[in-house]
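Asker: Structure file model-v2.csv (CSV, C-alpha atoms and all ligand atoms) is given on the next line.
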chain,number,residue,atom,x,y,z
A,36,MET,CA,21.2,-15.2,-6.6
A,37,SER,CA,24.7,-14.1,-5.6
A,38,ARG,CA,25.5,-10.9,-3.7
A,39,LEU,CA,27.7,-9.7,-6.6
A,40,GLU,CA,24.9,-10.2,-9.1
A,41,ASN,CA,22.6,-8.2,-6.8
A,42,VAL,CA,25.2,-5.3,-6.7
A,43,GLU,CA,25.2,-5.2,-10.5
A,44,ARG,CA,21.4,-5.2,-10.6
A,45,ILE,CA,21.2,-2.4,-8.0
A,46,GLU,CA,23.5,-0.3,-10.3
A,47,GLN,CA,21.2,-1.2,-13.3
A,48,LEU,CA,18.1,-0.2,-11.3
A,49,SER,CA,19.8,3.1,-10.4
A,50,GLY,CA,20.5,3.8,-14.0
A,51,LEU,CA,16.8,3.1,-15.0
A,52,ILE,CA,15.6,5.4,-12.2
A,53,ALA,CA,18.1,8.1,-13.2
A,54,GLY,CA,16.8,8.0,-16.8
A,55,ALA,CA,13.1,7.9,-15.9
A,56,SER,CA,10.8,10.9,-15.3
A,57,GLU,CA,7.4,9.3,-14.8
A,58,ILE,CA,7.8,6.3,-12.5
A,59,LEU,CA,4.9,4.2,-11.4
A,60,VAL,CA,5.8,2.7,-8.0
A,61,PHE,CA,3.6,-0.3,-7.0
A,62,THR,CA,4.0,-1.4,-3.4
A,63,GLY,CA,2.9,-4.3,-1.2
A,64,ALA,CA,3.3,-5.6,2.4
A,65,GLY,CA,7.0,-6.3,1.9
A,66,ILE,CA,7.9,-2.6,2.2
A,67,SER,CA,6.1,-2.2,5.5
A,68,THR,CA,7.5,-5.2,7.4
A,69,ALA,CA,10.6,-3.1,8.1
A,70,SER,CA,8.3,-0.7,10.0
A,71,GLY,CA,7.1,-3.6,12.1
A,72,ILE,CA,3.7,-4.1,10.4
A,73,PRO,CA,2.8,-7.7,9.9
A,74,ASP,CA,2.1,-9.1,6.4
A,75,TYR,CA,-1.6,-10.1,6.7
A,76,ARG,CA,-1.3,-12.8,4.0
A,77,GLY,CA,2.2,-14.2,4.9
A,78,PRO,CA,2.9,-17.4,6.8
A,79,GLN,CA,2.6,-15.5,10.1
A,80,GLY,CA,-0.3,-13.4,8.7
A,81,VAL,CA,-3.1,-12.1,10.9
A,82,TRP,CA,-5.6,-14.0,8.8
A,83,LYS,CA,-4.1,-17.3,9.8
A,84,THR,CA,-5.3,-16.8,13.4
A,85,ARG,CA,-8.3,-14.6,13.0
A,86,GLN,CA,-11.4,-14.4,10.9
A,87,PRO,CA,-11.9,-11.2,9.0
A,88,VAL,CA,-15.2,-9.4,9.3
A,89,TYR,CA,-16.9,-9.3,5.9
A,90,TYR,CA,-18.4,-6.1,4.7
A,91,GLN,CA,-21.9,-7.4,4.4
A,92,ASP,CA,-21.8,-8.8,7.9
A,93,PHE,CA,-20.4,-5.6,9.3
A,94,MET,CA,-23.2,-3.5,7.6
A,95,ARG,CA,-26.1,-5.6,8.9
A,96,SER,CA,-25.1,-6.7,12.4
A,97,GLU,CA,-24.0,-4.8,15.5
A,98,GLU,CA,-22.3,-7.9,16.8
A,99,HIS,CA,-20.0,-7.9,13.7
A,100,GLN,CA,-19.4,-4.2,14.1
A,101,ILE,CA,-18.2,-4.7,17.7
A,102,GLU,CA,-15.9,-7.6,16.5
A,103,TYR,CA,-14.6,-5.4,13.8
A,104,TRP,CA,-13.8,-2.4,16.0
A,105,GLN,CA,-12.2,-4.8,18.6
A,106,GLN,CA,-9.9,-6.1,15.9
A,107,LYS,CA,-9.0,-2.6,14.6
A,108,MET,CA,-8.3,-1.4,18.1
A,109,GLU,CA,-6.1,-4.3,18.9
A,110,ASP,CA,-4.2,-3.7,15.6
A,111,SER,CA,-3.8,0.0,16.3
A,112,GLU,CA,-2.5,-0.7,19.8
A,113,SER,CA,0.1,-3.3,18.6
A,114,TRP,CA,1.5,-1.5,15.5
A,115,GLY,CA,-0.8,1.4,14.7
A,116,ALA,CA,2.0,3.9,15.5
A,117,ALA,CA,4.6,2.2,13.3
A,118,PRO,CA,6.7,4.9,11.5
A,119,PRO,CA,7.5,5.0,7.7
A,120,ASN,CA,10.9,3.4,6.9
A,121,ALA,CA,13.7,4.2,4.4
A,122,VAL,CA,11.7,2.8,1.4
A,123,HIS,CA,8.7,5.2,2.0
A,124,HIS,CA,11.2,8.1,2.5
A,125,VAL,CA,13.1,7.5,-0.8
A,126,ILE,CA,9.8,7.3,-2.7
A,127,VAL,CA,9.1,10.8,-1.4
A,128,ASP,CA,12.7,11.8,-2.5
A,129,LEU,CA,11.8,10.6,-6.0
A,130,GLU,CA,8.6,12.7,-6.0
A,131,ASN,CA,10.6,15.7,-4.8
A,132,ALA,CA,12.9,15.1,-7.7
A,133,GLY,CA,9.9,15.2,-10.1
A,134,LYS,CA,10.2,11.5,-11.1
A,135,ILE,CA,7.0,10.1,-9.7
A,136,ALA,CA,3.9,9.6,-11.9
A,137,MET,CA,2.0,7.7,-9.2
A,138,VAL,CA,2.5,5.6,-6.1
A,139,VAL,CA,0.0,2.7,-6.2
A,140,THR,CA,-0.1,0.7,-2.9
A,141,GLN,CA,-1.9,-2.4,-1.8
A,142,ASN,CA,-1.0,-1.5,1.8
A,143,VAL,CA,-3.6,-0.1,4.2
A,144,ASP,CA,-1.1,1.2,6.8
A,145,GLY,CA,-1.1,4.8,5.4
A,146,LEU,CA,2.7,5.0,5.6
A,147,HIS,CA,3.2,6.5,2.1
A,148,ALA,CA,1.0,9.4,3.1
A,149,GLN,CA,2.6,9.7,6.5
A,150,ALA,CA,6.1,9.8,4.9
A,151,GLY,CA,5.0,12.7,2.7
A,152,THR,CA,3.8,11.3,-0.6
A,153,SER,CA,1.3,13.8,-2.0
A,154,LYS,CA,-2.4,12.8,-2.2
A,155,ASP,CA,-2.5,13.5,-5.9
A,156,ARG,CA,0.4,11.1,-6.5
A,157,LEU,CA,-1.0,8.3,-4.3
A,158,VAL,CA,-3.6,5.6,-4.9
A,159,GLU,CA,-4.3,3.4,-1.9
A,160,ILE,CA,-6.1,0.6,-3.7
A,161,HIS,CA,-7.3,-1.1,-0.6
A,162,GLY,CA,-7.9,2.1,1.3
A,163,THR,CA,-6.2,3.3,4.6
A,164,ASN,CA,-6.4,2.5,8.3
A,165,ARG,CA,-5.3,6.0,9.1
A,166,GLU,CA,-8.7,7.4,8.4
A,167,ILE,CA,-12.3,6.5,9.5
A,168,GLU,CA,-15.0,6.8,6.9
A,169,CYS,CA,-18.8,7.1,7.4
A,170,GLN,CA,-20.6,4.5,5.4
A,171,THR,CA,-23.5,6.9,4.8
A,172,CYS,CA,-22.1,10.4,4.1
A,173,ARG,CA,-18.5,9.3,3.4
A,174,ASP,CA,-17.2,11.9,5.8
A,175,ARG,CA,-13.6,11.1,6.9
A,176,SER,CA,-12.0,11.6,10.3
A,177,ALA,CA,-9.0,10.7,12.4
A,178,PRO,CA,-9.2,7.2,14.1
A,179,GLU,CA,-7.8,8.0,17.5
A,180,PRO,CA,-10.9,9.7,19.1
A,181,HIS,CA,-13.2,6.9,17.8
A,182,PHE,CA,-10.9,4.2,19.3
A,183,ALA,CA,-10.9,6.1,22.6
A,184,THR,CA,-14.8,6.2,22.6
A,185,PHE,CA,-15.0,2.5,21.7
A,186,ARG,CA,-12.4,1.6,24.4
A,187,ASP,CA,-14.3,3.6,27.1
A,188,THR,CA,-17.9,2.6,26.2
A,189,GLY,CA,-17.7,-0.6,24.1
A,190,VAL,CA,-20.2,1.1,21.8
A,191,VAL,CA,-19.5,1.2,18.1
A,192,PRO,CA,-18.8,4.8,17.0
A,193,HIS,CA,-21.3,6.6,14.8
A,194,CYS,CA,-21.0,9.6,12.5
A,195,HIS,CA,-22.7,13.0,13.3
A,196,CYS,CA,-25.1,12.0,10.5
A,197,GLY,CA,-26.0,8.8,12.3
A,198,GLY,CA,-24.2,6.6,9.8
A,199,ILE,CA,-22.0,3.7,10.8
A,200,LEU,CA,-18.2,4.4,11.0
A,201,LYS,CA,-15.6,2.0,9.6
A,202,ALA,CA,-11.9,2.2,8.8
A,203,ALA,CA,-11.5,3.7,5.3
A,204,THR,CA,-10.1,0.4,4.0
A,205,ILE,CA,-11.7,-2.0,1.4
A,206,SER,CA,-12.9,-4.8,3.6
A,207,PHE,CA,-13.4,-8.4,2.4
A,208,GLY,CA,-16.5,-8.5,0.4
A,209,GLN,CA,-16.4,-4.7,-0.4
A,210,ALA,CA,-15.9,-3.4,-3.9
A,211,LEU,CA,-12.8,-1.5,-4.9
A,212,ARG,CA,-13.3,2.1,-5.7
A,213,ALA,CA,-13.6,2.5,-9.5
A,214,ASP,CA,-12.3,6.1,-9.4
A,215,GLU,CA,-9.2,5.1,-7.6
A,216,MET,CA,-8.5,2.2,-9.9
A,217,ALA,CA,-9.0,4.6,-12.9
A,218,ARG,CA,-6.4,6.9,-11.5
A,219,ALA,CA,-3.9,4.0,-11.2
A,220,TYR,CA,-4.6,2.8,-14.7
A,221,LYS,CA,-4.2,6.3,-16.1
A,222,ALA,CA,-0.8,6.6,-14.5
A,223,ALA,CA,0.1,3.2,-15.9
A,224,ASP,CA,-0.8,4.6,-19.3
A,225,GLY,CA,1.7,7.4,-19.1
A,226,CYS,CA,4.6,6.1,-17.0
A,227,ASP,CA,8.1,5.4,-18.3
A,228,LEU,CA,9.3,2.9,-15.7
A,229,VAL,CA,7.4,0.5,-13.4
A,230,LEU,CA,8.8,-0.6,-10.0
A,231,ALA,CA,7.0,-3.3,-8.1
A,232,LEU,CA,8.3,-3.3,-4.5
A,233,GLY,CA,7.6,-5.8,-1.8
A,234,SER,CA,4.5,-7.4,-3.5
A,235,THR,CA,4.0,-11.0,-4.4
A,236,LEU,CA,1.8,-9.6,-7.2
A,237,SER,CA,-0.7,-12.3,-6.5
A,238,VAL,CA,-3.8,-10.2,-5.6
A,239,ASN,CA,-5.8,-9.1,-8.6
A,240,PRO,CA,-6.9,-6.8,-10.0
A,241,ALA,CA,-4.2,-4.8,-8.2
A,242,ALA,CA,-1.4,-6.7,-9.8
A,243,SER,CA,-2.8,-6.0,-13.2
A,244,ILE,CA,-1.8,-2.3,-12.9
A,245,PRO,CA,2.0,-2.8,-13.4
A,246,LEU,CA,1.2,-5.2,-16.2
A,247,HIS,CA,-1.0,-2.6,-17.9
A,248,ALA,CA,2.1,-0.4,-18.2
A,249,THR,CA,4.2,-3.1,-19.8
A,250,GLU,CA,1.8,-3.4,-22.7
A,251,ARG,CA,3.5,-0.4,-24.1
A,252,GLY,CA,6.9,-1.9,-23.6
A,253,THR,CA,7.6,0.1,-20.4
A,254,PRO,CA,10.6,-1.3,-18.4
A,255,TYR,CA,9.4,-3.3,-15.4
A,256,VAL,CA,11.5,-4.0,-12.4
A,257,ILE,CA,10.4,-6.3,-9.5
A,258,VAL,CA,12.1,-6.2,-6.1
A,259,ASN,CA,10.8,-8.7,-3.6
A,260,GLN,CA,11.9,-11.2,-1.0
A,261,GLY,CA,10.5,-14.4,-2.2
A,262,ALA,CA,8.8,-15.5,-5.4
A,263,THR,CA,6.2,-13.4,-7.2
A,264,ASP,CA,3.5,-14.3,-9.7
A,265,HIS,CA,5.2,-12.2,-12.3
A,266,ASP,CA,8.7,-13.7,-12.1
A,267,ARG,CA,8.4,-15.8,-15.2
A,268,LEU,CA,6.7,-13.2,-17.4
A,269,VAL,CA,8.7,-12.0,-20.4
A,270,VAL,CA,7.7,-8.4,-19.8
A,271,VAL,CA,9.9,-8.3,-16.6
A,272,THR,CA,13.0,-6.3,-17.4
A,273,MET,CA,14.8,-7.2,-14.2
A,274,ARG,CA,14.0,-9.1,-11.0
A,275,ILE,CA,16.0,-8.4,-7.9
A,276,GLU,CA,15.6,-10.9,-5.0
A,277,GLY,CA,15.9,-9.6,-1.5
A,278,ASP,CA,14.8,-7.3,1.2
A,279,VAL,CA,13.4,-4.1,-0.4
A,280,GLU,CA,14.8,-1.9,2.4
A,281,SER,CA,18.4,-3.1,1.7
A,282,ILE,CA,18.1,-2.6,-2.1
A,283,VAL,CA,15.8,0.3,-3.1
A,284,PRO,CA,17.1,3.2,-0.9
A,285,VAL,CA,20.6,2.5,-2.2
A,286,ALA,CA,19.5,2.5,-5.8
A,287,VAL,CA,17.5,5.7,-5.4
A,288,GLU,CA,20.3,7.5,-3.6
A,289,MET,CA,22.7,6.5,-6.4
A,290,ALA,CA,20.2,7.7,-9.0
A,291,LEU,CA,19.6,11.0,-7.4
A,292,ALA,CA,23.2,11.8,-6.5
A,293,GLY,CA,24.3,14.7,-8.7
A,294,SER,CA,20.8,15.5,-10.0
A,295,PRO,CA,19.7,18.7,-8.4
A,296,GLY,CA,15.9,17.9,-8.2
A,297,GLU,CA,13.0,20.3,-8.8
A,298,GLN,CA,13.0,23.5,-6.9
A,299,PRO,CA,9.8,24.3,-5.0
A,300,HIS,CA,7.8,27.1,-6.5
A,401,ZN,ZN,-22.0,10.4,8.1
Any chance you could give the structure as structure tokens?
Ligand SMILES: [Zn+2]

Answerer:
Amino acid sequence: MSRLENVERIEQLSGLIAGASEILVFTGAGISTASGIPDYRGPQGVWKTRQPVYYQDFMRSEEHQIEYWQQKMEDSESWGAAPPNAVHHVIVDLENAGKIAMVVTQNVDGLHAQAGTSKDRLVEIHGTNREIECQTCRDRSAPEPHFATFRDTGVVPHCHCGGILKAATISFGQALRADEMARAYKAADGCDLVLALGSTLSVNPAASIPLHATERGTPYVIVNQGATDHDRLVVVTMRIEGDVESIVPVAVEMALAGSPGEQPH
């Protein structure tokens, strides 16, 4: 795809964003690579060199719990402090302009929340690494003190209720949260534009959420570097190939230029 064609597509995307008021933004690993966070499933992905700890193993064996906490601690030391990038920030700009129905992310890096996307406008389908959750009472807490304890003692942290603590992500072998999926589908029912950003759209049922919106004829734009599983579907209004960070912030800024945005009240 030529550069000129992409410029035209960015202008078209900008026009779609300007005309929309209930946007469903669906994001994947490709929007966080600019923050320095590795794509777990990509060619250099973490799971090419390391075995994930399955949920059932984690729950039944202390050995697996130690392995899990070791992996999480290594991850947090290498890229746990990665900041949100321009893509996360312009999605917040869209929300401030009253244009976001929901941000639905496959990412567990917590960067949408950190950038300022509101909790009631955010579905983290696969959970978040920025919180620790008790597997018994569901109490949530910040990860840093637990990492410090684990680093100092080598003992897997436990909740005040005695339950086992784990990152608030959906691990391999762990069921998605039905209430969170329902929030995502409900937003897909009411949106007037779907943007899929930085996702190969190959992991289901997550990738079925944008498709659900297109059943009503909602415009569907995909921006990704590399092929996606939805590229050949007739419901795709526009496909823009390339780095999300070089495309989406430009389109959003063009769309929001001249529109005053919602006043806080
Ligand atoms: Zn607990």

Asker: Could I get the residue neighbourhood of ligand ZN 401 (chain A) at 7 Å, counting all atoms listed in the file, as a list in words?

Answerer: Cys169, Gln170, Thr171, Cys172, Arg173, Asp174, Cys194, His195, Cys196, Gly197 and Gly198 of chain A

Asker: When you look at A:Lys201 with a cut-off of 12 Å (counting all atoms listed in the file), what residues show up, excluding the ones that are within fewer than 5 positions of it in the same chain? I need them as a ChimeraX atom specification.

Answerer: /A:88-90,93-94,99-108,162-178,181-182,191-194,206

Asker: Show me, as a ChimeraX atom specification, the residues that have an atom within 12 Å of A:Leu230 when counting only C-alpha atoms, minus same-chain residues fewer than 5 positions from it.

Answerer: /A:48-49,51-52,55,57-63,126,135-140,223,236,242,244-246,248-249,253-259,271-275,279,283,286-287

Asker: Pull the closest atom pair for each residue of stretch 112-134 of chain A that gets at most 10 Å from stretch 141-148 of chain A, along with the distance in Å to one decimal, counting all atoms listed in the file, ordering rows by chain and then ascending residue number, as CSV.

Answerer:
residue,atom,partner,partner_atom,distance
A:Trp114,CA,A:Asp144,CA,9.5
A:Gly115,CA,A:Asp144,CA,7.9
A:Ala116,CA,A:Asp144,CA,9.6
A:Ala117,CA,A:Leu146,CA,8.4
A:Pro118,CA,A:Leu146,CA,7.1
A:Pro119,CA,A:Leu146,CA,5.2
A:Asn120,CA,A:Leu146,CA,8.5
A:Val122,CA,A:His147,CA,9.3
A:His123,CA,A:His147,CA,5.7
A:His124,CA,A:His147,CA,8.2
A:Ile126,CA,A:His147,CA,8.2
A:Val127,CA,A:His147,CA,8.1

Asker: Measure the distance from atom CA of A:Ser70 to atom CA of A:Arg186 in Å and round it to one decimal.

Answerer: 25.3 Å

Asker: List as a ChimeraX atom specification the residues having at least one atom at most 6 Å from position (14.2, 8.1, -9.9) as given in the file, counting all atoms listed in the file.

Answerer: /A:52-53,129,134

Asker: Could you write those residues out with C-alpha atoms, as a PDB file, in the coordinates of the input?

Answerer:
ATOM      1  CA  ILE A  52      15.600   5.400 -12.200  1.00  0.00           C
ATOM      2  CA  ALA A  53      18.100   8.100 -13.200  1.00  0.00           C
ATOM      3  CA  LEU A 129      11.800  10.600  -6.000  1.00  0.00           C
ATOM      4  CA  LYS A 134      10.200  11.500 -11.100  1.00  0.00           C
TER       5      LYS A 134
END

Asker: Tell me, in Å to one decimal, how far atom CA of A:Asp264 is from atom CA of A:Ala231.

Answerer: 11.7 Å

Asker: Which is closest to A:Ser67 among A:Leu232, A:Met289, A:Ile45, A:Val269, if we use all atoms listed in the file?

Answerer: A:Leu232

Asker: Taking (22.5, -10.2, -9.5) in the file's own coordinates, collect the residues within 12 Å, counting all atoms listed in the file, and hand them back as a short mmCIF file (atom, residue, chain, number, x, y, z; two decimals) with C-alpha atoms, keeping the file's coordinate frame.

Answerer:
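The result, stored in out-v3.cif:
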data_model
loop_
_atom_site.label_atom_id
_atom_site.label_comp_id
_atom_site.auth_asym_id
_atom_site.auth_seq_id
_atom_site.Cartn_x
_atom_site.Cartn_y
_atom_site.Cartn_z
CA MET A 36 21.20 -15.20 -6.60
CA SER A 37 24.70 -14.10 -5.60
CA ARG A 38 25.50 -10.90 -3.70
CA LEU A 39 27.70 -9.70 -6.60
CA GLU A 40 24.90 -10.20 -9.10
CA ASN A 41 22.60 -8.20 -6.80
CA VAL A 42 25.20 -5.30 -6.70
CA GLU A 43 25.20 -5.20 -10.50
CA ARG A 44 21.40 -5.20 -10.60
CA ILE A 45 21.20 -2.40 -8.00
CA GLU A 46 23.50 -0.30 -10.30
CA GLN A 47 21.20 -1.20 -13.30
CA LEU A 48 18.10 -0.20 -11.30
CA VAL A 258 12.10 -6.20 -6.10
CA MET A 273 14.80 -7.20 -14.20
CA ARG A 274 14.00 -9.10 -11.00
CA ILE A 275 16.00 -8.40 -7.90
CA GLU A 276 15.60 -10.90 -5.00
CA GLY A 277 15.90 -9.60 -1.50
CA ILE A 282 18.10 -2.60 -2.10
#

Asker: Could you tell me which of A:His161, A:Ser56, A:Glu280, A:Asn239 comes closest to A:Cys226 if we count only C-alpha atoms?

Answerer: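 Using only C-alpha atoms, A:Cys226 sits closest to A:Ser56.
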
Asker: What gap, in Å, lies between atom CA of A:Gln260 and atom CA of A:Asp278?

Answerer: 5.3 Å

Asker: Could I get stretch 215-226 of chain A rebuilt with N, CA, C and O atoms, written as a PDB file, in the coordinates of the input?

Answerer:
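Result saved to result_32.pdb:
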ATOM      1  N   GLU A 215     -10.559   5.318  -7.980  1.00  0.00           N
ATOM      2  CA  GLU A 215      -9.200   5.100  -7.600  1.00  0.00           C
ATOM      3  C   GLU A 215      -8.442   4.192  -8.555  1.00  0.00           C
ATOM      4  O   GLU A 215      -7.293   4.420  -8.933  1.00  0.00           O
ATOM      5  N   MET A 216      -9.127   3.116  -8.965  1.00  0.00           N
ATOM      6  CA  MET A 216      -8.500   2.200  -9.900  1.00  0.00           C
ATOM      7  C   MET A 216      -8.260   2.942 -11.255  1.00  0.00           C
ATOM      8  O   MET A 216      -7.232   2.746 -11.900  1.00  0.00           O
ATOM      9  N   ALA A 217      -9.185   3.822 -11.642  1.00  0.00           N
ATOM     10  CA  ALA A 217      -9.000   4.600 -12.900  1.00  0.00           C
ATOM     11  C   ALA A 217      -7.790   5.488 -12.814  1.00  0.00           C
ATOM     12  O   ALA A 217      -7.041   5.625 -13.786  1.00  0.00           O
ATOM     13  N   ARG A 218      -7.556   6.095 -11.657  1.00  0.00           N
ATOM     14  CA  ARG A 218      -6.400   6.900 -11.500  1.00  0.00           C
ATOM     15  C   ARG A 218      -5.091   6.100 -11.645  1.00  0.00           C
ATOM     16  O   ARG A 218      -4.113   6.536 -12.253  1.00  0.00           O
ATOM     17  N   ALA A 219      -5.114   4.889 -11.096  1.00  0.00           N
ATOM     18  CA  ALA A 219      -3.900   4.000 -11.200  1.00  0.00           C
ATOM     19  C   ALA A 219      -3.685   3.590 -12.640  1.00  0.00           C
ATOM     20  O   ALA A 219      -2.548   3.643 -13.129  1.00  0.00           O
ATOM     21  N   TYR A 220      -4.738   3.204 -13.348  1.00  0.00           N
ATOM     22  CA  TYR A 220      -4.600   2.800 -14.700  1.00  0.00           C
ATOM     23  C   TYR A 220      -4.123   3.937 -15.627  1.00  0.00           C
ATOM     24  O   TYR A 220      -3.324   3.756 -16.552  1.00  0.00           O
ATOM     25  N   LYS A 221      -4.635   5.129 -15.333  1.00  0.00           N
ATOM     26  CA  LYS A 221      -4.200   6.300 -16.100  1.00  0.00           C
ATOM     27  C   LYS A 221      -2.745   6.562 -15.953  1.00  0.00           C
ATOM     28  O   LYS A 221      -2.038   6.850 -16.925  1.00  0.00           O
ATOM     29  N   ALA A 222      -2.257   6.439 -14.718  1.00  0.00           N
ATOM     30  CA  ALA A 222      -0.800   6.600 -14.500  1.00  0.00           C
ATOM     31  C   ALA A 222      -0.028   5.533 -15.191  1.00  0.00           C
ATOM     32  O   ALA A 222       1.049   5.793 -15.748  1.00  0.00           O
ATOM     33  N   ALA A 223      -0.552   4.315 -15.194  1.00  0.00           N
ATOM     34  CA  ALA A 223       0.100   3.200 -15.900  1.00  0.00           C
ATOM     35  C   ALA A 223       0.224   3.489 -17.387  1.00  0.00           C
ATOM     36  O   ALA A 223       1.184   3.086 -18.047  1.00  0.00           O
ATOM     37  N   ASP A 224      -0.761   4.204 -17.922  1.00  0.00           N
ATOM     38  CA  ASP A 224      -0.800   4.600 -19.300  1.00  0.00           C
ATOM     39  C   ASP A 224       0.341   5.539 -19.706  1.00  0.00           C
ATOM     40  O   ASP A 224       0.777   5.589 -20.849  1.00  0.00           O
ATOM     41  N   GLY A 225       0.760   6.353 -18.737  1.00  0.00           N
ATOM     42  CA  GLY A 225       1.700   7.400 -19.100  1.00  0.00           C
ATOM     43  C   GLY A 225       3.086   7.260 -18.481  1.00  0.00           C
ATOM     44  O   GLY A 225       3.944   8.111 -18.688  1.00  0.00           O
ATOM     45  N   CYS A 226       3.337   6.188 -17.740  1.00  0.00           N
ATOM     46  CA  CYS A 226       4.600   6.100 -17.000  1.00  0.00           C
ATOM     47  C   CYS A 226       5.737   5.608 -17.967  1.00  0.00           C
ATOM     48  O   CYS A 226       5.475   5.051 -19.032  1.00  0.00           O
TER      49      CYS A 226
END
